[in-house]
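Enquirer: I am sharing input21.pdb, which consists of PDB, C-alpha atoms:
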ATOM      1  CA  MET A 621     255.518 -28.468  25.166
ATOM      2  CA  VAL A 622     254.280 -26.061  22.494
ATOM      3  CA  GLY A 623     254.492 -28.848  19.911
ATOM      4  CA  THR A 624     252.510 -31.354  21.946
ATOM      5  CA  ASN A 625     249.790 -28.797  22.643
ATOM      6  CA  LEU A 626     249.299 -28.020  18.999
ATOM      7  CA  LEU A 627     249.307 -31.699  18.073
ATOM      8  CA  ASP A 628     246.766 -32.269  20.791
ATOM      9  CA  ILE A 629     244.517 -29.554  19.381
ATOM     10  CA  GLN A 630     244.886 -30.949  15.875
ATOM     11  CA  ASN A 631     243.973 -34.444  17.029
ATOM     12  CA  ARG A 632     240.883 -33.165  18.749
ATOM     13  CA  LEU A 633     239.849 -31.265  15.626
ATOM     14  CA  ARG A 634     240.326 -34.421  13.602
ATOM     15  CA  GLU A 635     238.268 -36.506  16.014
ATOM     16  CA  ASN A 636     235.403 -34.089  15.412
ATOM     17  CA  GLY A 637     235.735 -34.404  11.654
ATOM     18  CA  LEU A 638     236.783 -30.782  11.278
ATOM     19  CA  LEU A 639     237.878 -29.666   7.835
ATOM     20  CA  ILE A 640     238.259 -25.959   8.475
ATOM     21  CA  SER A 641     238.173 -23.857  11.587
ATOM     22  CA  PHE A 642     238.817 -20.216  12.284
ATOM     23  CA  SER A 643     238.795 -18.561  15.652
ATOM     24  CA  GLY A 644     239.165 -14.837  16.225
ATOM     25  CA  ARG A 645     237.782 -11.591  14.913
ATOM     26  CA  PHE A 646     235.717 -11.981  11.727
ATOM     27  CA  SER A 647     236.404  -9.547   8.906
ATOM     28  CA  GLN A 648     234.797  -9.508   5.477
ATOM     29  CA  ALA A 649     238.182 -10.452   3.941
ATOM     30  CA  ILE A 650     238.497 -13.513   6.205
ATOM     31  CA  ILE A 651     234.914 -14.554   5.477
ATOM     32  CA  GLU A 652     235.583 -14.319   1.731
ATOM     33  CA  GLU A 653     238.870 -16.247   1.877
ATOM     34  CA  LEU A 654     237.478 -19.028   4.047
ATOM     35  CA  GLY A 655     234.278 -19.186   2.006
ATOM     36  CA  GLU A 656     236.167 -19.608  -1.250
ATOM     37  CA  ALA A 657     238.483 -22.175   0.355
ATOM     38  CA  VAL A 658     235.497 -24.194   1.538
ATOM     39  CA  LYS A 659     233.980 -24.098  -1.910
ATOM     40  CA  LYS A 660     237.233 -25.192  -3.602
ATOM     41  CA  TYR A 661     237.636 -28.030  -1.137
ATOM     42  CA  LEU A 662     234.096 -29.298  -1.719
ATOM     43  CA  GLU A 663     234.550 -29.056  -5.487
ATOM     44  CA  LEU A 664     237.712 -31.177  -5.237
ATOM     45  CA  GLU A 665     235.757 -33.669  -3.172
ATOM     46  CA  GLN A 666     233.236 -33.678  -6.020
ATOM     47  CA  SER A 667     230.352 -32.824  -3.742
ATOM     48  CA  PRO A 668     227.077 -32.213  -5.598
ATOM     49  CA  ALA A 669     226.673 -28.577  -6.757
ATOM     50  CA  ASN A 670     223.565 -28.207  -4.632
ATOM     51  CA  ASN A 671     225.362 -29.254  -1.436
ATOM     52  CA  ILE A 672     228.219 -26.855  -2.158
ATOM     53  CA  HIS A 673     225.706 -24.064  -2.661
ATOM     54  CA  ASN A 674     223.933 -24.826   0.614
ATOM     55  CA  ILE A 675     227.101 -25.260   2.682
ATOM     56  CA  PHE A 676     228.577 -22.044   1.291
ATOM     57  CA  SER A 677     225.300 -20.178   1.951
ATOM     58  CA  ILE A 678     225.077 -21.333   5.541
ATOM     59  CA  PHE A 679     228.737 -20.511   6.114
ATOM     60  CA  ILE A 680     228.262 -16.952   4.809
ATOM     61  CA  GLU A 681     225.047 -16.353   6.765
ATOM     62  CA  GLN A 682     226.520 -17.661  10.023
ATOM     63  CA  THR A 683     229.709 -15.641   9.767
ATOM     64  CA  GLN A 684     228.077 -12.430   8.550
ATOM     65  CA  ASN A 685     225.424 -12.731  11.264
ATOM     66  CA  ILE A 686     228.152 -12.951  13.893
ATOM     67  CA  LYS A 687     230.125 -10.101  12.327
ATOM     68  CA  ASN A 688     227.029  -7.883  12.268
ATOM     69  CA  TYR A 689     226.299  -8.763  15.883
ATOM     70  CA  CYS A 690     229.848  -7.790  16.890
ATOM     71  CA  GLU A 691     229.522  -4.493  15.020
ATOM     72  CA  SER A 692     226.241  -3.762  16.765
ATOM     73  CA  LYS A 693     228.288  -3.839  19.994
ATOM     74  CA  ASP A 694     230.757  -1.225  18.758
ATOM     75  CA  ASN A 695     231.247   1.522  21.343
ATOM     76  CA  THR A 696     230.053  -0.707  24.156
ATOM     77  CA  GLU A 697     232.170  -2.084  26.954
ATOM     78  CA  GLY A 698     231.941  -5.659  25.693
ATOM     79  CA  TYR A 699     232.900  -4.938  22.076
ATOM     80  CA  HIS A 700     236.474  -6.312  22.143
ATOM     81  CA  LYS A 701     235.585  -9.295  24.255
ATOM     82  CA  ILE A 702     232.677 -10.225  21.992
ATOM     83  CA  SER A 703     234.369  -9.590  18.651
ATOM     84  CA  ASN A 704     237.402 -11.681  19.633
ATOM     85  CA  SER A 705     235.247 -14.605  20.733
ATOM     86  CA  CYS A 706     234.083 -15.739  17.296
ATOM     87  CA  ILE A 707     234.667 -19.206  15.917
ATOM     88  CA  VAL A 708     233.418 -21.026  12.845
ATOM     89  CA  THR A 709     234.017 -24.641  11.903
ATOM     90  CA  ILE A 710     233.087 -26.838   9.004
ATOM     91  CA  GLY A 711     233.279 -30.557   9.370
ATOM     92  CA  LYS A 712     232.071 -33.852   8.084
ATOM     93  CA  VAL A 713     230.513 -36.688  10.041
ATOM     94  CA  GLU A 714     229.256 -39.810   8.280
ATOM     95  CA  GLU A 715     228.854 -38.211   4.846
ATOM     96  CA  LEU A 716     227.040 -35.177   6.233
ATOM     97  CA  ASN A 717     228.662 -31.764   6.390
ATOM     98  CA  TYR A 718     228.082 -29.457   9.287
ATOM     99  CA  ILE A 719     228.724 -25.772   9.812
ATOM    100  CA  CYS A 720     228.997 -24.841  13.448
ATOM    101  CA  SER A 721     229.780 -21.400  14.776
ATOM    102  CA  GLY A 722     229.958 -19.730  18.144
ATOM    103  CA  ASN A 723     230.381 -16.361  19.781
ATOM    104  CA  LEU A 724     229.888 -14.546  23.046
ATOM    105  CA  ILE A 725     226.536 -12.934  23.472
ATOM    106  CA  ALA A 726     225.549 -10.287  26.005
ATOM    107  CA  SER A 727     222.936 -11.458  28.527
ATOM    108  CA  GLU A 728     220.467  -8.733  27.555
ATOM    109  CA  ASP A 729     220.364 -10.028  23.954
ATOM    110  CA  ILE A 730     219.485 -13.614  24.863
ATOM    111  CA  PRO A 731     215.670 -13.438  25.274
ATOM    112  CA  ILE A 732     215.017 -11.961  21.804
ATOM    113  CA  LEU A 733     217.412 -14.393  20.136
ATOM    114  CA  VAL A 734     215.964 -17.437  21.896
ATOM    115  CA  GLU A 735     212.455 -16.386  20.941
ATOM    116  CA  LYS A 736     213.491 -15.999  17.306
ATOM    117  CA  LEU A 737     215.401 -19.305  17.204
ATOM    118  CA  ASP A 738     212.658 -21.296  18.907
ATOM    119  CA  HIS A 739     210.093 -19.861  16.534
ATOM    120  CA  ILE A 740     212.157 -20.839  13.482
ATOM    121  CA  LEU A 741     212.902 -24.308  14.877
ATOM    122  CA  ARG A 742     209.178 -25.019  15.202
ATOM    123  CA  LEU A 743     208.500 -24.334  11.498
ATOM    124  CA  ASP A 744     208.553 -26.959   8.751
ATOM    125  CA  LYS A 745     210.012 -26.304   5.288
ATOM    126  CA  VAL A 746     206.747 -24.992   3.854
ATOM    127  CA  GLU A 747     206.245 -22.573   6.750
ATOM    128  CA  LEU A 748     209.886 -21.475   6.509
ATOM    129  CA  LYS A 749     209.453 -20.700   2.832
ATOM    130  CA  LYS A 750     206.360 -18.624   3.586
ATOM    131  CA  LEU A 751     208.143 -16.692   6.317
ATOM    132  CA  TYR A 752     211.176 -16.148   4.078
ATOM    133  CA  LYS A 753     209.079 -14.692   1.285
ATOM    134  CA  GLU A 754     207.241 -12.472   3.739
ATOM    135  CA  VAL A 755     210.447 -11.030   5.202
ATOM    136  CA  LEU A 756     212.015 -10.686   1.734
ATOM    137  CA  ARG A 757     209.230  -8.345   0.696
ATOM    138  CA  ARG A 758     209.067  -6.441   3.982
ATOM    139  CA  GLU A 759     210.379  -2.858   4.245
ATOM    140  CA  MET A 760     213.871  -2.630   5.737
ATOM    141  CA  ALA A 761     214.353  -1.376   9.250
ATOM    142  CA  PRO A 762     216.294   1.896   8.835
ATOM    143  CA  GLY A 763     220.019   1.594   9.475
ATOM    144  CA  SER A 764     220.058  -2.187   9.734
ATOM    145  CA  LYS A 765     222.938  -3.989   8.067
ATOM    146  CA  GLY A 766     221.430  -7.419   7.718
ATOM    147  CA  ALA A 767     218.067  -8.385   6.364
ATOM    148  CA  GLY A 768     217.044 -10.355   9.462
ATOM    149  CA  MET A 769     216.714 -13.425   7.273
ATOM    150  CA  GLY A 770     219.935 -15.311   7.984
ATOM    151  CA  LEU A 771     218.519 -17.814  10.457
ATOM    152  CA  ILE A 772     215.460 -18.504   8.306
ATOM    153  CA  ASP A 773     217.687 -19.084   5.287
ATOM    154  CA  MET A 774     219.976 -21.442   7.228
ATOM    155  CA  ALA A 775     217.002 -23.425   8.518
ATOM    156  CA  ARG A 776     215.701 -23.774   4.967
ATOM    157  CA  LYS A 777     219.019 -24.972   3.548
ATOM    158  CA  ALA A 778     219.868 -27.373   6.375
ATOM    159  CA  THR A 779     218.902 -31.018   5.985
ATOM    160  CA  VAL A 780     217.791 -31.392   9.607
ATOM    161  CA  PRO A 781     216.539 -28.738  12.067
ATOM    162  CA  LEU A 782     219.172 -26.300  13.331
ATOM    163  CA  GLU A 783     220.622 -26.953  16.765
ATOM    164  CA  TYR A 784     221.709 -24.297  19.198
ATOM    165  CA  SER A 785     223.051 -24.029  22.712
ATOM    166  CA  ILE A 786     223.670 -21.171  25.106
ATOM    167  CA  THR A 787     226.295 -21.674  27.797
ATOM    168  CA  ARG A 788     226.223 -19.151  30.603
ATOM    169  CA  LEU A 789     229.701 -17.858  31.487
ATOM    170  CA  ASP A 790     228.894 -15.162  34.032
ATOM    171  CA  ASN A 791     226.244 -12.508  34.708
ATOM    172  CA  ASP A 792     227.122 -10.542  31.606
ATOM    173  CA  TYR A 793     227.984 -13.091  28.935
ATOM    174  CA  SER A 794     227.008 -16.437  27.494
ATOM    175  CA  PHE A 795     228.466 -18.448  24.627
ATOM    176  CA  LEU A 796     226.089 -19.136  21.766
ATOM    177  CA  THR A 797     226.594 -22.062  19.398
ATOM    178  CA  ILE A 798     224.593 -22.707  16.249
ATOM    179  CA  LYS A 799     224.934 -25.843  14.165
ATOM    180  CA  ALA A 800     223.516 -26.613  10.734
ATOM    181  CA  VAL A 801     223.829 -29.946   8.942
ATOM    182  CA  VAL A 802     223.752 -30.404   5.168
TER     183      VAL A 802
ATOM    184  CA  MET B  91     223.233   9.497 -19.267
ATOM    185  CA  GLN B  92     226.189   7.173 -18.836
ATOM    186  CA  ASN B  93     226.466   3.420 -18.646
ATOM    187  CA  LEU B  94     226.872   1.940 -15.181
ATOM    188  CA  ILE B  95     229.913  -0.312 -15.073
ATOM    189  CA  ILE B  96     231.211  -1.826 -11.830
ATOM    190  CA  GLU B  97     233.923  -4.500 -11.850
ATOM    191  CA  GLY B  98     233.060  -7.607  -9.867
ATOM    192  CA  THR B  99     234.924  -8.887  -6.808
ATOM    193  CA  LYS B 100     234.691 -12.147  -4.831
ATOM    194  CA  SER B 101     231.668 -10.830  -2.984
ATOM    195  CA  THR B 102     230.118  -8.370  -5.429
ATOM    196  CA  PRO B 103     228.738  -9.000  -8.916
ATOM    197  CA  THR B 104     229.908  -7.328 -12.107
ATOM    198  CA  VAL B 105     227.446  -4.637 -13.067
ATOM    199  CA  HIS B 106     227.174  -3.884 -16.764
ATOM    200  CA  PHE B 107     224.188  -1.644 -17.343
ATOM    201  CA  ASP B 108     224.360  -0.514 -20.942
ATOM    202  CA  GLN B 109     221.849   2.255 -21.609
ATOM    203  CA  LEU B 110     222.807   2.521 -25.290
ATOM    204  CA  ASN B 111     221.866  -1.083 -26.108
ATOM    205  CA  ASN B 112     219.375  -1.337 -23.239
ATOM    206  CA  ILE B 113     220.922  -4.470 -21.811
ATOM    207  CA  LEU B 114     221.346  -4.562 -18.043
ATOM    208  CA  THR B 115     223.571  -7.398 -16.837
ATOM    209  CA  LEU B 116     224.311  -8.397 -13.270
ATOM    210  CA  LYS B 117     226.743 -11.288 -13.016
ATOM    211  CA  GLY B 118     228.495 -12.890 -10.076
ATOM    212  CA  GLN B 119     228.216 -13.741  -6.423
ATOM    213  CA  SER B 120     226.711 -11.185  -4.088
ATOM    214  CA  TYR B 121     227.563 -11.167  -0.386
ATOM    215  CA  PRO B 122     229.161  -7.791   0.342
ATOM    216  CA  GLU B 123     229.932  -6.476   3.789
ATOM    217  CA  ASN B 124     227.181  -3.906   3.354
ATOM    218  CA  SER B 125     224.696  -4.835   0.640
ATOM    219  CA  PHE B 126     222.678  -1.627   0.843
ATOM    220  CA  GLU B 127     225.748   0.481   0.336
ATOM    221  CA  PHE B 128     226.701  -1.573  -2.723
ATOM    222  CA  TYR B 129     223.238  -1.542  -4.333
ATOM    223  CA  GLU B 130     222.384   2.101  -3.606
ATOM    224  CA  PRO B 131     224.082   3.550  -6.758
ATOM    225  CA  ILE B 132     222.459   0.783  -8.816
ATOM    226  CA  PHE B 133     218.987   1.737  -7.548
ATOM    227  CA  GLN B 134     219.666   5.367  -8.387
ATOM    228  CA  TRP B 135     220.918   4.583 -11.885
ATOM    229  CA  VAL B 136     217.904   2.386 -12.631
ATOM    230  CA  GLU B 137     215.444   5.076 -11.484
ATOM    231  CA  GLU B 138     217.132   7.616 -13.711
ATOM    232  CA  TYR B 139     217.327   5.164 -16.605
ATOM    233  CA  PHE B 140     213.605   4.397 -16.642
ATOM    234  CA  ALA B 141     212.727   8.064 -16.269
ATOM    235  CA  GLN B 142     214.475   8.859 -19.579
ATOM    236  CA  LEU B 143     213.517   5.658 -21.441
ATOM    237  CA  GLU B 144     211.409   5.932 -24.601
ATOM    238  CA  GLY B 145     208.218   3.878 -24.553
ATOM    239  CA  GLU B 146     208.927   1.585 -27.486
ATOM    240  CA  THR B 147     212.417   0.441 -26.440
ATOM    241  CA  THR B 148     212.785  -3.118 -25.163
ATOM    242  CA  VAL B 149     215.003  -3.498 -22.118
ATOM    243  CA  SER B 150     216.724  -6.802 -21.541
ATOM    244  CA  VAL B 151     217.731  -7.624 -17.963
ATOM    245  CA  ASP B 152     220.186 -10.514 -17.579
ATOM    246  CA  PHE B 153     220.819 -11.939 -14.102
ATOM    247  CA  ILE B 154     223.512 -14.563 -13.519
ATOM    248  CA  LEU B 155     223.750 -14.778  -9.752
ATOM    249  CA  PRO B 156     225.206 -18.079  -8.540
ATOM    250  CA  TYR B 157     225.078 -17.006  -4.909
ATOM    251  CA  ILE B 158     223.135 -14.232  -3.186
ATOM    252  CA  ASN B 159     223.271 -13.770   0.580
ATOM    253  CA  THR B 160     220.120 -12.741   2.410
ATOM    254  CA  SER B 161     220.857  -9.019   2.627
ATOM    255  CA  SER B 162     221.674  -8.923  -1.114
ATOM    256  CA  SER B 163     218.443 -10.847  -1.744
ATOM    257  CA  LYS B 164     216.583  -7.976  -0.196
ATOM    258  CA  CYS B 165     218.306  -5.558  -2.605
ATOM    259  CA  ILE B 166     217.692  -7.818  -5.613
ATOM    260  CA  MET B 167     214.015  -7.950  -4.662
ATOM    261  CA  MET B 168     213.905  -4.138  -4.510
ATOM    262  CA  LEU B 169     215.577  -3.977  -7.913
ATOM    263  CA  LEU B 170     213.073  -6.433  -9.392
ATOM    264  CA  GLU B 171     210.209  -4.425  -7.925
ATOM    265  CA  THR B 172     211.572  -1.340  -9.691
ATOM    266  CA  PHE B 173     211.715  -3.245 -12.996
ATOM    267  CA  ASP B 174     208.209  -4.530 -12.404
ATOM    268  CA  LYS B 175     206.903  -1.054 -11.697
ATOM    269  CA  ALA B 176     208.475   0.210 -14.945
ATOM    270  CA  TYR B 177     206.799  -2.676 -16.769
ATOM    271  CA  LEU B 178     203.415  -1.831 -15.259
ATOM    272  CA  ASP B 179     204.018   1.782 -16.324
ATOM    273  CA  GLY B 180     204.171   0.551 -19.921
ATOM    274  CA  LYS B 181     207.920   0.020 -20.428
ATOM    275  CA  LYS B 182     208.973  -3.110 -22.292
ATOM    276  CA  VAL B 183     211.111  -5.037 -19.808
ATOM    277  CA  ASN B 184     212.194  -8.619 -20.239
ATOM    278  CA  LEU B 185     214.047 -10.542 -17.504
ATOM    279  CA  ASN B 186     216.371 -13.484 -18.193
ATOM    280  CA  TRP B 187     217.538 -15.314 -15.093
ATOM    281  CA  TYR B 188     220.305 -17.855 -15.705
ATOM    282  CA  TYR B 189     220.643 -20.622 -13.106
ATOM    283  CA  ASN B 190     223.084 -23.493 -12.701
ATOM    284  CA  ILE B 191     221.491 -26.588 -14.219
ATOM    285  CA  GLU B 192     222.967 -28.765 -11.427
ATOM    286  CA  SER B 193     221.747 -26.639  -8.560
ATOM    287  CA  PRO B 194     218.058 -26.929  -7.618
ATOM    288  CA  SER B 195     218.681 -24.399  -4.819
ATOM    289  CA  GLU B 196     219.637 -21.760  -7.370
ATOM    290  CA  LEU B 197     216.547 -22.463  -9.464
ATOM    291  CA  GLU B 198     214.288 -22.389  -6.414
ATOM    292  CA  CYS B 199     215.791 -19.060  -5.380
ATOM    293  CA  ALA B 200     215.169 -17.596  -8.864
ATOM    294  CA  GLU B 201     211.593 -18.900  -8.859
ATOM    295  CA  GLU B 202     210.877 -17.313  -5.501
ATOM    296  CA  PHE B 203     212.075 -13.951  -6.743
ATOM    297  CA  CYS B 204     210.063 -14.099  -9.923
ATOM    298  CA  GLU B 205     206.787 -15.723  -8.917
ATOM    299  CA  ASP B 206     204.968 -12.520  -7.959
ATOM    300  CA  LEU B 207     206.284 -10.401 -10.815
ATOM    301  CA  ASN B 208     204.124  -9.132 -13.665
ATOM    302  CA  LEU B 209     206.930  -8.592 -16.158
ATOM    303  CA  PRO B 210     207.865 -11.405 -18.554
ATOM    304  CA  PHE B 211     210.703 -13.543 -17.190
ATOM    305  CA  ASN B 212     212.635 -16.546 -18.464
ATOM    306  CA  LEU B 213     214.461 -18.971 -16.197
ATOM    307  CA  ILE B 214     217.280 -20.313 -18.325
ATOM    308  CA  ALA B 215     219.524 -23.256 -17.431
ATOM    309  CA  ARG B 216     223.268 -22.727 -17.820
ATOM    310  CA  GLU B 217     226.056 -25.282 -17.599
ATOM    311  CA  THR B 218     228.388 -25.179 -14.589
ATOM    312  CA  GLU B 219     231.334 -22.896 -15.265
TER     313      GLU B 219
END
Could the structure of this file be written out as structure tokens, please?

Expert:
Amino acid sequence: MVGTNLLDIQNRLRENGLLISFSGRFSQAIIEELGEAVKKYLELEQSPANNIHNIFSIFIEQTQNIKNYCESKDNTEGYHKISNSCIVTIGKVEELNYICSGNLIASEDIPILVEKLDHILRLDKVELKKLYKEVLRREMAPGSKGAGMGLIDMARKATVPLEYSITRLDNDYSFLTIKAVV
Amino acid sequence: MQNLIIEGTKSTPTVHFDQLNNILTLKGQSYPENSFEFYEPIFQWVEEYFAQLEGETTVSVDFILPYINTSSSKCIMMLLETFDKAYLDGKKVNLNWYYNIESPSELECAEEFCEDLNLPFNLIARETE
């Protein structure tokens, strides 16, 4: 029974072209190990240096974004639930790589995120570059861990516009998925 | 004042700031868990370094940064602004930024950092390691 379940999961991963997946709590050590593994794999595949750079970048931004979000929930009721809900996958479909990640998000955080995502999705590469440079030179918000530039950077490095979805689970939580293709 | 030497890790660059020879080298990937915590001592050292620097000395800054995450980018920009300010104050600062010849993304990233700077900078192609 156990064996068939695992085989089943593996087959489904394969059908989706998944190369690497990790589900659970993200730590810096796990992000580093997976990131290096992804890079090694792509080097063996002889992917162009520029693609490796972009895939690695998007992977790091997605996972660190999620990790920072989880940490922002420290000392709240949902902390354990949210920080154990993280998943990141890297796959390949018809010669294009994708990095797709997901995590639980508290309902109260959805409006700001959606506004930010929709704004970024409307911008073309030139506008994204302008916004990136603007934020890069902006003063940091005190106490913030990230630079607030992860999504902009992903959108710039992705070949096609980012895709996202928000699946409502109950009154308190939804599941957010973000996908970038290189 | 002492040199600033920090060994690199997977996610933090090697820092070799040599105040005797006036060569400041930052080499490696940068995506630490907390970028501001990592760069804070570097900012402090650089402030102190320029405060004691004699006017005629030429400072060479060498950056070899194959990957910089966005929060490190913010710190690198702050560091460059400090160098630029020292240059505008009359210090002789020269920046060499080495990028991977096969990676246009790395070159573009270096260009974006440098394009508003006043100090002299060289973007230098390096072979893949």

Enquirer: Considering all atoms listed in the file, state which residue in the set A:Lys659, A:Lys736, A:Arg634, A:Lys799 is at the smallest distance from chain B.

Expert: A:Lys659

Enquirer: Given the file shown, determine the residues that the PyMOL selection byres ((chain A) within 10 of (chain B)) selects; report them as JSON, numbers by chain.

Expert: {"A": [647, 648, 649, 651, 652, 653, 655, 656, 668, 669, 670, 671, 672, 673, 674, 676, 677, 678, 680, 681, 684, 687, 688, 749, 752, 753, 755, 756, 757, 758, 759, 760, 763, 764, 765, 766, 767, 768, 769, 770, 771, 772, 773, 774, 777]}

Enquirer: For the PyMOL selection byres ((chain B and resi 176) around 12), applied here, can you spell out every residue it catches as a PyMOL selection string?

Expert: chain B and resi 136-145+148-149+169-175+177-184+207-209

Enquirer: What is the atom CA of Tyr661 of chain A to atom CA of Val708 of chain A distance in Å?

Expert: 16.2 Å

Enquirer: Find, counting only C-alpha atoms, the residue in B:Phe128, B:Trp187, B:Phe107, B:Phe153 that gets nearest to Gln92 of chain B.

Expert: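 Comparing B:Phe128, B:Trp187, B:Phe107, B:Phe153 against Gln92 of chain B, the winner is B:Phe107.
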
Enquirer: Expanded to explicit residues, what is the PyMOL selection byres ((chain B and resi 118) around 8) for this file, as a PyMOL selection string?

Expert: chain B and resi 98+102-104+116-117+119-120+154-157

Enquirer: Report, in Å with one decimal, the straight-line distance from atom CA of Gln630 of chain A to atom CA of Ile710 of chain A.

Expert: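 Between these atoms lies a distance of 14.3 Å.
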
Enquirer: Around (220.5, -24.7, 22.7) in the file's frame, which residues reach within 12 Å when counting only C-alpha atoms? Return as a VMD selection string?

Expert: chain A and resid 722 730 733 to 735 737 to 738 741 782 to 788 794 to 799

Enquirer: From the set B:Thr99, B:Asn212, B:Gln134, B:Asn93, which residue has the shortest atom-to-atom contact distance to Val151 of chain B, counting all atoms listed in the file?

Expert: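 Once distances to Val151 of chain B are computed over all atoms listed in the file, the minimum belongs to B:Asn212.
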